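Notes to accompany the following structure.
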Amino acid sequence: MWKLRNYLKPYWKSFVLAPCFMVFEVLFDLLLPKFVADLVDNGVVKHDFQIILHTGAIMVLTAFLGLSAGVGCNFFASRASQNFGADIREAAFTKVQSFSFENLDTFKTGSLITRMTNDVTQVQNLLRMGMQTFIRTPGLLVGSIIMAIIMSPRLGLILLLTILLLAVVLTVLIRHSFPIFSHVQLKLDAVNTRLQENLAGIRVVKAFVRSLYETKLFGQANRDYAQTSIKASHVIALNYPVVNLIINACLVGIVYYGGNLVWAKSMPVGNLVAFVNYVPQALSALLNLSSILVNVSQATVSVKRIQQVLSTRPDIEDSETAQPFPIQGRVVEFDHVSFSYRREEAETEVLRDISFTAHLGETIAIIGPTGSGKSTLVQLIPRLYDVSSGSIRIDGKDIREIPLLDLRRHIGMVLQESFLFTGTISENIAFGKPDATPEEIEAAAKIAQAHDFISGLPDGYRTQIGQKGINLSGGQKQRLSIARALLVRPPILILDDSTSALDLGTEKEIRDGLKEVMKKSITFLIAQRISSVRSADQILVLEDGKIAGRGTHEKLMETSRVYQEIYDSQFGRKEAHENAAKQQPASR
């Protein structure tokens, strides 16, 4: 908890005032049994009605003041804890925004959701308890013991022995509970991960009739979580019967022994009444203290999990020597670039010794079998991942020496998954340029061949998009994603298989619309279809993370086996050989 103290500084006044009010509430609660003793000994026993009225009025006032102090404590404790939790949640979210793709690969989505919701709530509740129960419980425990001993030192010995026995029992239970709660949070991570994944892919599940299978998997994760939680609750459940047995045995002993003292006139009856009131206060406080320590065990696990997120250093940050650089997109150079994914201390090499140069106005197409490293290659340009060796230069400047914000602002990227946010179509297109005018948004939509279908919608550009673009087709989402990238007029444009859901006619129209844009930028185009890349200035053929061929379509048809195999698979072997035969005389 100490590591998160900085998030509490803005609310230090509430943090200080809440315990102060709680101290007053405890003091008033401790005075009430003493007033009861005075009322019994000086009022009831002596039949003095005036003392009964006077003492009763003081007790009512004391109870009212205690209530007011409790309300004040609750007000300030709620204010401090809720704002504290909100700031931590926001800090964790902001931290995640700074993560590289490699950082995000380390933390599962379900785990991040659990950490920013359930774990933050646990820590938030712990702080609130710290300002309320952490003051009230020890205060009542110590105060009740002192007041009880003042009432009767001999009976106080029974109380002290009981508290010592309870402390031993609760310590044993708490030691067993801590590792179990850590396991509970891991099981909850698994449930959230399974739930998040299933909801995101629910259409695939239904399309392949896998609902029963997914239900079975979720059921397993859910039962694991339930069984672990039950095991943890069993440990907690032992607290109450064991503690209640000890408390009741203590009360029986005190009443029996105290009754004898009163009978022998060694102790006023009012003191016995007050003592019997202090005993439950003290023992209940000890019981509450055990519950607090259990909650501390839970919250300690949560603090560690939150701290893992907050303390994780992004793999990709601005270097100390990075300086603003005016990117014009004249040339992009890959110089012996290699890249490996790191997975739990192991490395998987994805790209090996990639070298090529792209100039302003050129389109560099990248094609190759699935898993050859095409998407990874272009993700290195905006530093979504960092190269393992070699370097990438833009206009002669190593991209690691360019501030990340400057670098990424000059790169327009359409990823494989056309992700749209909840909001209007206009807001989604203007995501990278929030101050774009309606005319600019419409112009980008026209180039992406999205204007016609948008205009056909009842609300046009103001049409609300559901979560992840649920109310749009795959092709419509791809066109909006392309428009979003084009709106920023980037010097470097990356299209990662961005037309896979479009028909050939629409794809051709988009290529025609992009011609003017491409003249003013360097375009990297990843595609699966030969028809999408054949007009590119340079085609890179990747296989097993290496460049297996490069050149124009015509050159690769003559020199690249991998490219020829891709062509054959899409157009048929006969047509491929016919085209090759036609090209041979011309080449001579």
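Within each chain, counting starts at residue 1; across the structure tokens, chains are named A, B, ... in the order shown, with ligands numbered 1 upward in that order.
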
Inset, instruction - For stretch 44-58 of chain A, list every protein, DNA or RNA residue within 12 Å, evaluated using only C-alpha atoms, and leave out those in the same chain fewer than 2 positions away; present the list as number ranges by chain. - result: A: 28, 31-42, 60-65, 268-270

Keeping only N, CA and C atoms, write the selected residues as an mmCIF file, in the first residue's frame.
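The result, stored in out-v8.cif:
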```
data_model
loop_
_atom_site.group_PDB
_atom_site.id
_atom_site.type_symbol
_atom_site.label_atom_id
_atom_site.label_comp_id
_atom_site.auth_asym_id
_atom_site.auth_seq_id
_atom_site.Cartn_x
_atom_site.Cartn_y
_atom_site.Cartn_z
ATOM 1 N N PHE A 28 -16.314 8.304 22.538
ATOM 2 C CA PHE A 28 -17.702 8.367 23.004
ATOM 3 C C PHE A 28 -18.257 6.966 23.270
ATOM 4 N N LEU A 31 -17.022 5.724 26.614
ATOM 5 C CA LEU A 31 -17.578 6.412 27.789
ATOM 6 C C LEU A 31 -18.944 5.863 28.190
ATOM 7 N N LEU A 32 -19.695 5.333 27.228
ATOM 8 C CA LEU A 32 -21.071 4.907 27.513
ATOM 9 C C LEU A 32 -21.163 3.847 28.613
ATOM 10 N N PRO A 33 -20.371 2.734 28.577
ATOM 11 C CA PRO A 33 -20.457 1.757 29.678
ATOM 12 C C PRO A 33 -20.095 2.363 31.037
ATOM 13 N N LYS A 34 -19.159 3.336 31.041
ATOM 14 C CA LYS A 34 -18.812 3.999 32.315
ATOM 15 C C LYS A 34 -20.010 4.768 32.865
ATOM 16 N N PHE A 35 -20.738 5.432 31.980
ATOM 17 C CA PHE A 35 -21.941 6.142 32.406
ATOM 18 C C PHE A 35 -23.001 5.164 32.906
ATOM 19 N N VAL A 36 -23.072 3.982 32.267
ATOM 20 C CA VAL A 36 -24.013 2.951 32.727
ATOM 21 C C VAL A 36 -23.678 2.538 34.157
ATOM 22 N N ALA A 37 -22.376 2.365 34.456
ATOM 23 C CA ALA A 37 -21.956 1.994 35.816
ATOM 24 C C ALA A 37 -22.377 3.059 36.823
ATOM 25 N N ASP A 38 -22.174 4.331 36.475
ATOM 26 C CA ASP A 38 -22.579 5.414 37.375
ATOM 27 C C ASP A 38 -24.093 5.437 37.567
ATOM 28 N N LEU A 39 -24.816 5.217 36.471
ATOM 29 C CA LEU A 39 -26.282 5.230 36.549
ATOM 30 C C LEU A 39 -26.788 4.125 37.474
ATOM 31 N N VAL A 40 -26.197 2.919 37.363
ATOM 32 C CA VAL A 40 -26.641 1.784 38.182
ATOM 33 C C VAL A 40 -26.253 1.993 39.651
ATOM 34 N N ASP A 41 -24.974 2.333 39.902
ATOM 35 C CA ASP A 41 -24.489 2.424 41.281
ATOM 36 C C ASP A 41 -25.067 3.630 42.026
ATOM 37 N N ASN A 42 -25.142 4.789 41.356
ATOM 38 C CA ASN A 42 -25.564 6.007 42.034
ATOM 39 C C ASN A 42 -27.036 6.357 41.826
ATOM 40 N N VAL A 60 -27.420 10.144 26.235
ATOM 41 C CA VAL A 60 -28.050 10.469 24.942
ATOM 42 C C VAL A 60 -27.177 11.439 24.162
ATOM 43 N N LEU A 61 -26.660 12.466 24.845
ATOM 44 C CA LEU A 61 -25.783 13.437 24.176
ATOM 45 C C LEU A 61 -24.515 12.755 23.669
ATOM 46 N N THR A 62 -23.947 11.884 24.497
ATOM 47 C CA THR A 62 -22.727 11.161 24.098
ATOM 48 C C THR A 62 -22.987 10.291 22.867
ATOM 49 N N ALA A 63 -24.141 9.610 22.862
ATOM 50 C CA ALA A 63 -24.499 8.762 21.719
ATOM 51 C C ALA A 63 -24.672 9.607 20.459
ATOM 52 N N PHE A 64 -25.286 10.787 20.590
ATOM 53 C CA PHE A 64 -25.496 11.668 19.434
ATOM 54 C C PHE A 64 -24.160 12.177 18.891
ATOM 55 N N LEU A 65 -23.266 12.575 19.795
ATOM 56 C CA LEU A 65 -21.945 13.047 19.365
ATOM 57 C C LEU A 65 -21.157 11.924 18.678
ATOM 58 N N PRO A 268 -18.743 -3.266 42.993
ATOM 59 C CA PRO A 268 -20.067 -2.682 42.793
ATOM 60 C C PRO A 268 -20.764 -3.341 41.606
ATOM 61 N N VAL A 269 -22.063 -3.468 41.700
ATOM 62 C CA VAL A 269 -22.816 -4.114 40.623
ATOM 63 C C VAL A 269 -22.722 -3.325 39.324
ATOM 64 N N GLY A 270 -22.643 -1.998 39.435
ATOM 65 C CA GLY A 270 -22.518 -1.168 38.223
ATOM 66 C C GLY A 270 -21.232 -1.447 37.469
#
```

Legend entry - Minimum-distance residue to A:Ser388, chosen among A:Arg136, A:Arg352, A:Lys546, A:Lys515 (using only C-alpha atoms): A:Arg352

If we count only C-alpha atoms, what is near A:Phe421 at a cut-off of 10 Å, once residues fewer than 6 positions away on the same chain are taken out, given as an mmCIF file with all heavy atoms, in the first residue's frame?
```
data_model
loop_
_atom_site.group_PDB
_atom_site.id
_atom_site.type_symbol
_atom_site.label_atom_id
_atom_site.label_comp_id
_atom_site.auth_asym_id
_atom_site.auth_seq_id
_atom_site.Cartn_x
_atom_site.Cartn_y
_atom_site.Cartn_z
ATOM 1 N N GLU A 427 -16.861 10.571 -36.130
ATOM 2 C CA GLU A 427 -15.877 10.537 -35.042
ATOM 3 C C GLU A 427 -14.835 9.450 -35.268
ATOM 4 O O GLU A 427 -13.656 9.633 -34.938
ATOM 5 C CB GLU A 427 -16.588 10.305 -33.705
ATOM 6 C CG GLU A 427 -17.401 11.500 -33.227
ATOM 7 C CD GLU A 427 -18.298 11.163 -32.043
ATOM 8 O OE1 GLU A 427 -18.532 9.957 -31.802
ATOM 9 O OE2 GLU A 427 -18.788 12.100 -31.392
ATOM 10 N N ASN A 428 -15.230 8.331 -35.839
ATOM 11 C CA ASN A 428 -14.283 7.248 -36.107
ATOM 12 C C ASN A 428 -13.307 7.616 -37.219
ATOM 13 O O ASN A 428 -12.115 7.319 -37.116
ATOM 14 C CB ASN A 428 -15.041 5.970 -36.462
ATOM 15 C CG ASN A 428 -15.356 5.123 -35.247
ATOM 16 O OD1 ASN A 428 -14.553 4.317 -34.808
ATOM 17 N ND2 ASN A 428 -16.535 5.333 -34.686
ATOM 18 N N PHE A 431 -10.668 10.015 -35.936
ATOM 19 C CA PHE A 431 -10.011 9.545 -34.707
ATOM 20 C C PHE A 431 -8.577 10.053 -34.594
ATOM 21 O O PHE A 431 -8.112 10.421 -33.515
ATOM 22 C CB PHE A 431 -10.026 8.015 -34.675
ATOM 23 C CG PHE A 431 -9.558 7.427 -33.382
ATOM 24 C CD1 PHE A 431 -10.359 7.441 -32.257
ATOM 25 C CD2 PHE A 431 -8.298 6.842 -33.273
ATOM 26 C CE1 PHE A 431 -9.926 6.899 -31.051
ATOM 27 C CE2 PHE A 431 -7.854 6.304 -32.074
ATOM 28 C CZ PHE A 431 -8.675 6.325 -30.964
ATOM 29 N N GLN A 464 -24.588 6.256 -35.569
ATOM 30 C CA GLN A 464 -23.888 5.679 -34.426
ATOM 31 C C GLN A 464 -23.400 4.270 -34.764
ATOM 32 O O GLN A 464 -24.141 3.457 -35.295
ATOM 33 C CB GLN A 464 -24.821 5.616 -33.214
ATOM 34 C CG GLN A 464 -25.081 6.956 -32.550
ATOM 35 C CD GLN A 464 -23.882 7.461 -31.765
ATOM 36 O OE1 GLN A 464 -23.083 6.670 -31.251
ATOM 37 N NE2 GLN A 464 -23.744 8.783 -31.671
ATOM 38 N N ILE A 465 -22.127 4.017 -34.453
ATOM 39 C CA ILE A 465 -21.537 2.693 -34.667
ATOM 40 C C ILE A 465 -21.583 1.943 -33.351
ATOM 41 O O ILE A 465 -21.213 2.479 -32.299
ATOM 42 C CB ILE A 465 -20.083 2.818 -35.154
ATOM 43 C CG1 ILE A 465 -20.052 3.477 -36.542
ATOM 44 C CG2 ILE A 465 -19.412 1.452 -35.220
ATOM 45 C CD1 ILE A 465 -18.652 3.706 -37.057
ATOM 46 N N GLY A 466 -22.034 0.687 -33.388
ATOM 47 C CA GLY A 466 -22.062 -0.132 -32.182
ATOM 48 C C GLY A 466 -20.661 -0.556 -31.785
ATOM 49 O O GLY A 466 -19.674 -0.262 -32.476
ATOM 50 N N GLN A 467 -20.559 -1.250 -30.676
ATOM 51 C CA GLN A 467 -19.255 -1.694 -30.171
ATOM 52 C C GLN A 467 -18.518 -2.509 -31.227
ATOM 53 O O GLN A 467 -19.029 -3.462 -31.778
ATOM 54 C CB GLN A 467 -19.442 -2.523 -28.907
ATOM 55 C CG GLN A 467 -18.139 -2.896 -28.235
ATOM 56 C CD GLN A 467 -18.372 -3.711 -26.975
ATOM 57 O OE1 GLN A 467 -19.417 -4.321 -26.815
ATOM 58 N NE2 GLN A 467 -17.402 -3.726 -26.086
ATOM 59 N N LYS A 468 -17.265 -2.078 -31.524
ATOM 60 C CA LYS A 468 -16.400 -2.728 -32.524
ATOM 61 C C LYS A 468 -17.039 -2.739 -33.914
ATOM 62 O O LYS A 468 -16.744 -3.591 -34.735
ATOM 63 C CB LYS A 468 -16.054 -4.151 -32.082
ATOM 64 C CG LYS A 468 -15.255 -4.220 -30.787
ATOM 65 C CD LYS A 468 -14.943 -5.642 -30.396
ATOM 66 C CE LYS A 468 -13.931 -6.251 -31.328
ATOM 67 N NZ LYS A 468 -13.490 -7.586 -30.868
ATOM 68 N N GLY A 469 -17.947 -1.777 -34.186
ATOM 69 C CA GLY A 469 -18.567 -1.700 -35.510
ATOM 70 C C GLY A 469 -19.523 -2.831 -35.796
ATOM 71 O O GLY A 469 -19.617 -3.324 -36.917
ATOM 72 N N ILE A 470 -20.274 -3.229 -34.777
ATOM 73 C CA ILE A 470 -21.107 -4.418 -34.868
ATOM 74 C C ILE A 470 -22.192 -4.305 -35.929
ATOM 75 O O ILE A 470 -22.631 -5.297 -36.502
ATOM 76 C CB ILE A 470 -21.737 -4.713 -33.473
ATOM 77 C CG1 ILE A 470 -22.248 -6.139 -33.402
ATOM 78 C CG2 ILE A 470 -22.831 -3.732 -33.156
ATOM 79 C CD1 ILE A 470 -21.181 -7.162 -33.392
#
```

Select from stretch 297-368 of chain A every residue with an atom at most 8 Å from any atom of stretch 105-124 of chain A, then for each give the shortest pair of atoms and their distance in Å to one decimal, using only C-alpha atoms, rows by chain and rising number, as CSV.
```
residue,atom,partner,partner_atom,distance
A:Gln298,CA,A:Gln122,CA,7.3
A:Ala299,CA,A:Gln122,CA,5.3
A:Thr300,CA,A:Val123,CA,7.9
A:Ser302,CA,A:Asp119,CA,4.7
A:Val303,CA,A:Val123,CA,6.4
A:Arg305,CA,A:Arg115,CA,6.5
A:Ile306,CA,A:Arg115,CA,5.9
A:Arg343,CA,A:Thr106,CA,7.8
```

Please dump the current selection as a PDB file, in the first residue's frame; keep N, CA and C atoms.
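Contents of again.pdb, as written:
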```pdb
ATOM      1  N   GLN A 298      -6.084 -10.117   1.222  1.00  0.00           N
ATOM      2  CA  GLN A 298      -6.640 -10.008  -0.121  1.00  0.00           C
ATOM      3  C   GLN A 298      -6.105  -8.770  -0.831  1.00  0.00           C
ATOM      4  N   ALA A 299      -6.147  -7.641  -0.107  1.00  0.00           N
ATOM      5  CA  ALA A 299      -5.740  -6.381  -0.721  1.00  0.00           C
ATOM      6  C   ALA A 299      -4.250  -6.353  -1.027  1.00  0.00           C
ATOM      7  N   THR A 300      -3.446  -7.033  -0.218  1.00  0.00           N
ATOM      8  CA  THR A 300      -2.002  -7.077  -0.462  1.00  0.00           C
ATOM      9  C   THR A 300      -1.705  -7.747  -1.804  1.00  0.00           C
ATOM     10  N   SER A 302      -3.787  -7.781  -4.279  1.00  0.00           N
ATOM     11  CA  SER A 302      -4.251  -6.829  -5.298  1.00  0.00           C
ATOM     12  C   SER A 302      -3.253  -5.698  -5.497  1.00  0.00           C
ATOM     13  N   VAL A 303      -2.666  -5.198  -4.410  1.00  0.00           N
ATOM     14  CA  VAL A 303      -1.670  -4.130  -4.516  1.00  0.00           C
ATOM     15  C   VAL A 303      -0.494  -4.586  -5.376  1.00  0.00           C
ATOM     16  N   ARG A 305      -0.498  -6.863  -7.694  1.00  0.00           N
ATOM     17  CA  ARG A 305      -0.916  -7.017  -9.095  1.00  0.00           C
ATOM     18  C   ARG A 305      -1.044  -5.657  -9.784  1.00  0.00           C
ATOM     19  N   ILE A 306      -1.562  -4.674  -9.052  1.00  0.00           N
ATOM     20  CA  ILE A 306      -1.665  -3.320  -9.616  1.00  0.00           C
ATOM     21  C   ILE A 306      -0.275  -2.743  -9.824  1.00  0.00           C
ATOM     22  N   ARG A 343       9.143 -14.475 -25.295  1.00  0.00           N
ATOM     23  CA  ARG A 343       8.049 -15.148 -24.606  1.00  0.00           C
ATOM     24  C   ARG A 343       8.614 -15.894 -23.399  1.00  0.00           C
TER      25      ARG A 343
END
```

Legend entry - Pick from A:Ile394, A:Val172, A:Val71, A:Val533 nearest to A:Val331, counting only C-alpha atoms: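 Smallest separation from A:Val331 among the options: A:Ile394.
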
Inset, instruction - Name the closest residue to A:Gly549 among the candidates A:Thr133, A:Ser375, A:Ser355, A:Gln328; distances are taken between atoms, counting only C-alpha atoms. - result: A:Ser355

Legend entry - Residue contacts of A:Val414 (10 Å, only C-alpha atoms) excluding same-chain residues fewer than 2 positions away, as a list of chain:residue names: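 Near neighbours after the sequence-gap exclusion: A:Gly412, A:Gln416, A:Glu417, A:Ser418, A:Phe419, A:Gln478, A:Arg479, A:Leu480, A:Ser481, A:Ile482, A:Ala483, A:Arg484, A:Ala485, A:Leu486, A:Leu493, A:Ile494, A:Leu495, A:Asp496, A:Asp497, A:Ser498, A:Thr499, A:Leu525.
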
Residue subset to file, keeping C-alpha atoms, as a PDB file, in the first residue's frame:
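File out_28.pdb, as written:
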```
ATOM      1  CA  GLY A 412      -1.020   6.343 -41.234  1.00  0.00           C
ATOM      2  CA  GLN A 416      -5.446  -6.283 -40.202  1.00  0.00           C
ATOM      3  CA  GLU A 417      -8.345  -6.025 -37.777  1.00  0.00           C
ATOM      4  CA  SER A 418     -10.593  -3.100 -38.686  1.00  0.00           C
ATOM      5  CA  PHE A 419     -11.347  -1.911 -35.184  1.00  0.00           C
ATOM      6  CA  GLN A 478     -12.273  -1.756 -43.736  1.00  0.00           C
ATOM      7  CA  ARG A 479     -13.237   1.269 -45.830  1.00  0.00           C
ATOM      8  CA  LEU A 480     -13.784   3.395 -42.722  1.00  0.00           C
ATOM      9  CA  SER A 481     -10.399   2.257 -41.380  1.00  0.00           C
ATOM     10  CA  ILE A 482      -8.740   3.289 -44.645  1.00  0.00           C
ATOM     11  CA  ALA A 483     -10.502   6.673 -44.513  1.00  0.00           C
ATOM     12  CA  ARG A 484      -9.302   7.135 -40.926  1.00  0.00           C
ATOM     13  CA  ALA A 485      -5.673   6.599 -42.005  1.00  0.00           C
ATOM     14  CA  LEU A 486      -5.975   8.817 -45.096  1.00  0.00           C
ATOM     15  CA  LEU A 493       1.070   4.975 -45.305  1.00  0.00           C
ATOM     16  CA  ILE A 494       0.810   1.351 -44.177  1.00  0.00           C
ATOM     17  CA  LEU A 495      -2.025  -0.835 -45.454  1.00  0.00           C
ATOM     18  CA  ASP A 496      -1.899  -4.219 -43.725  1.00  0.00           C
ATOM     19  CA  ASP A 497      -4.197  -6.512 -45.690  1.00  0.00           C
ATOM     20  CA  SER A 498      -6.741  -3.695 -45.525  1.00  0.00           C
ATOM     21  CA  THR A 499      -8.918  -4.775 -48.481  1.00  0.00           C
ATOM     22  CA  LEU A 525       1.038  -2.567 -48.869  1.00  0.00           C
TER      23      LEU A 525
END
```

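The space separating atom CA of A:Glu401 from atom CA of A:Ile492 comes to 17.4 Å.
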
Inset, instruction - List the neighbours of A:Leu30 out to 10 Å using only C-alpha atoms; skip same-chain residues closer than 2 positions along the sequence, and give me the result as a ChimeraX atom specification. - result: /A:24-28,32-35,139-140,143-144,146-147,277-278,281

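Distance-wise, atom CA of A:Lys508 and atom CA of A:Gly432 end up 25.3 Å apart.
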
Inset, instruction - Could you give me, as a ChimeraX atom specification, each residue of stretch 256-409 of chain A that DSSP assigns to helix (DSSP H, G or I) when run on this structure's backbone? - result: /A:256-263,269-311,374-379,399-401,404-409

Legend entry - Residues near stretch 504-506 of chain A, cut-off 9 Å, only C-alpha atoms, skip fewer than 4 positions along chain, as JSON, numbers by chain: {"A": [449, 499, 510, 511, 531, 532]}

Inset, instruction - For each of A:Ser500, A:Asn192, A:Asn103, A:Thr94, take the minimum atom-to-atom distance to A:Asp386, counting only C-alpha atoms, then give the residue where this is smallest. - result: A:Asn103

Legend entry - stretch 76-78 of chain A environment, 7 Å, only C-alpha atoms, sequence neighbours closer than 2 positions dropped, as a list of chain:residue names: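 Skipping anything fewer than 2 positions along the chain leaves A:Ser14, A:Phe15, A:Leu17, A:Ala18, A:Gly72, A:Cys73, A:Asn74, A:Ala80, A:Ser81, A:Gln82, A:Arg128, A:Met131.
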
Inset, instruction - Grab the atom CA of A:Thr523 to atom CA of A:Gly361 distance for me, in Å with one decimal place. - result: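 These atoms are spaced 7.6 Å apart.
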